Amino acid sequence: MPTDDQFLILLHKKIMNKTGSAKRRAKKYYTDKYRKTGLIPGPLLLAGRGILEGRKCSGRPRSLVIRLRKRFVEMVKASVDPRNLPQGTQRFETLLFRQRLDNNMDPRTKA
(Lines give C-alpha, C1' and ligand atoms only; values in the text may rest on other atoms or scores of the structure.)
Protein backbone atom coordinates (compact mmCIF):
# COMPACT_ATOMS: atom_id res chain seq x y z
CA MET A 1 0.00 0.00 0.00
CA PRO A 2 1.41 3.45 -0.87
CA THR A 3 2.55 5.61 2.04
CA ASP A 4 0.03 8.36 1.21
CA ASP A 5 -2.88 5.92 1.38
CA GLN A 6 -1.58 4.42 4.61
CA PHE A 7 -1.24 7.92 6.08
CA LEU A 8 -4.83 8.81 5.17
CA ILE A 9 -6.19 5.58 6.67
CA LEU A 10 -4.26 6.06 9.92
CA LEU A 11 -5.25 9.74 10.09
CA HIS A 12 -8.91 8.82 9.71
CA LYS A 13 -8.59 6.21 12.45
CA LYS A 14 -6.99 8.79 14.76
CA ILE A 15 -9.53 11.58 14.24
CA MET A 16 -12.76 9.66 13.59
CA ASN A 17 -14.05 10.04 17.18
CA LYS A 18 -13.17 13.73 17.44
CA THR A 19 -15.60 16.50 16.52
CA GLY A 20 -15.45 20.10 15.37
CA SER A 21 -12.38 22.14 16.16
CA ALA A 22 -10.42 19.28 17.71
CA LYS A 23 -10.85 17.24 14.53
CA ARG A 24 -9.74 20.12 12.26
CA ARG A 25 -6.71 20.93 14.45
CA ALA A 26 -5.56 17.32 14.63
CA LYS A 27 -5.99 16.83 10.89
CA LYS A 28 -4.03 19.99 10.09
CA TYR A 29 -1.29 19.15 12.60
CA TYR A 30 -0.68 15.63 11.29
CA THR A 31 -0.94 16.56 7.59
CA ASP A 32 1.54 19.43 8.06
CA LYS A 33 3.92 17.14 9.92
CA TYR A 34 3.60 14.47 7.21
CA ARG A 35 4.21 16.98 4.40
CA LYS A 36 7.22 18.45 6.20
CA THR A 37 9.02 15.19 7.01
CA GLY A 38 7.57 12.72 4.52
CA LEU A 39 7.22 10.19 7.34
CA ILE A 40 4.04 9.03 9.04
CA PRO A 41 3.98 10.55 12.56
CA GLY A 42 4.43 8.13 15.47
CA PRO A 43 1.02 8.72 17.09
CA LEU A 44 -0.68 7.71 13.84
CA LEU A 45 1.32 4.49 13.73
CA LEU A 46 0.25 3.80 17.32
CA ALA A 47 -3.36 4.52 16.32
CA GLY A 48 -3.00 1.79 13.73
CA ARG A 49 -2.20 -0.62 16.59
CA GLY A 50 -5.18 0.57 18.64
CA ILE A 51 -3.42 3.01 21.01
CA LEU A 52 -5.40 6.18 20.41
CA GLU A 53 -5.10 8.35 23.53
CA GLY A 54 -3.04 8.82 26.63
CA ARG A 55 0.57 9.16 27.69
CA LYS A 56 1.77 6.17 25.70
CA CYS A 57 0.36 7.60 22.48
CA SER A 58 2.11 10.93 22.92
CA GLY A 59 5.40 9.24 23.74
CA ARG A 60 5.60 10.49 27.33
CA PRO A 61 6.78 8.23 30.15
CA ARG A 62 4.46 6.83 32.81
CA SER A 63 3.27 9.35 35.35
CA LEU A 64 4.37 7.30 38.38
CA VAL A 65 7.50 5.24 38.70
CA ILE A 66 7.00 1.61 39.70
CA ARG A 67 8.29 2.14 43.25
CA LEU A 68 5.75 4.89 43.92
CA ARG A 69 2.92 2.91 42.35
CA LYS A 70 3.67 -0.11 44.61
CA ARG A 71 3.81 2.16 47.65
CA PHE A 72 0.43 3.68 46.71
CA VAL A 73 -1.14 0.22 46.37
CA GLU A 74 0.22 -0.76 49.79
CA MET A 75 -1.23 2.42 51.32
CA VAL A 76 -4.66 1.68 49.82
CA LYS A 77 -4.57 -1.90 51.10
CA ALA A 78 -3.54 -0.68 54.56
CA SER A 79 -6.41 1.81 54.63
CA VAL A 80 -8.87 -1.08 54.19
CA ASP A 81 -7.28 -3.20 56.90
CA PRO A 82 -9.61 -3.17 59.94
CA ARG A 83 -6.63 -3.23 62.31
CA ASN A 84 -5.69 0.30 61.18
CA LEU A 85 -9.15 1.81 61.68
CA PRO A 86 -10.39 3.29 64.95
CA GLN A 87 -12.85 0.94 66.62
CA GLY A 88 -16.49 1.92 66.70
CA THR A 89 -16.56 3.81 63.40
CA GLN A 90 -19.09 2.87 60.76
CA ARG A 91 -16.38 2.00 58.26
CA PHE A 92 -14.67 -0.30 60.77
CA GLU A 93 -17.95 -2.07 61.49
CA THR A 94 -18.71 -2.46 57.77
CA LEU A 95 -15.30 -3.94 57.03
CA LEU A 96 -15.50 -6.23 60.03
CA PHE A 97 -18.95 -7.46 58.92
CA ARG A 98 -17.72 -8.10 55.36
CA GLN A 99 -14.68 -9.94 56.66
CA ARG A 100 -16.81 -12.18 58.86
CA LEU A 101 -19.23 -12.78 55.98
CA ASP A 102 -16.35 -13.76 53.68
CA ASN A 103 -14.98 -16.14 56.29
CA ASN A 104 -18.39 -17.77 56.78
CA MET A 105 -19.05 -18.13 53.06
CA ASP A 106 -15.58 -19.43 52.17
CA PRO A 107 -15.94 -23.12 51.16
CA ARG A 108 -12.38 -23.89 52.33
CA THR A 109 -13.28 -23.13 55.98
CA LYS A 110 -16.18 -25.60 56.13
CA ALA A 111 -15.34 -29.12 57.16
# chains A, B, ... in the order shown; residues from 1 in each chain; ligands from 1
$ residues_around --residues "Ala26 of chain A" --least-positions-apart "6" --cutoff "10 Å" --atoms "only C-alpha atoms" --output "list in words"
Leu11, Lys14, Ile15, Lys18 and Asp32 of chain A
$ residues_around --residues "Leu39 of chain A" --least-positions-apart "6" --cutoff "12 Å" --atoms "only C-alpha atoms" --output "count of residues only"
9
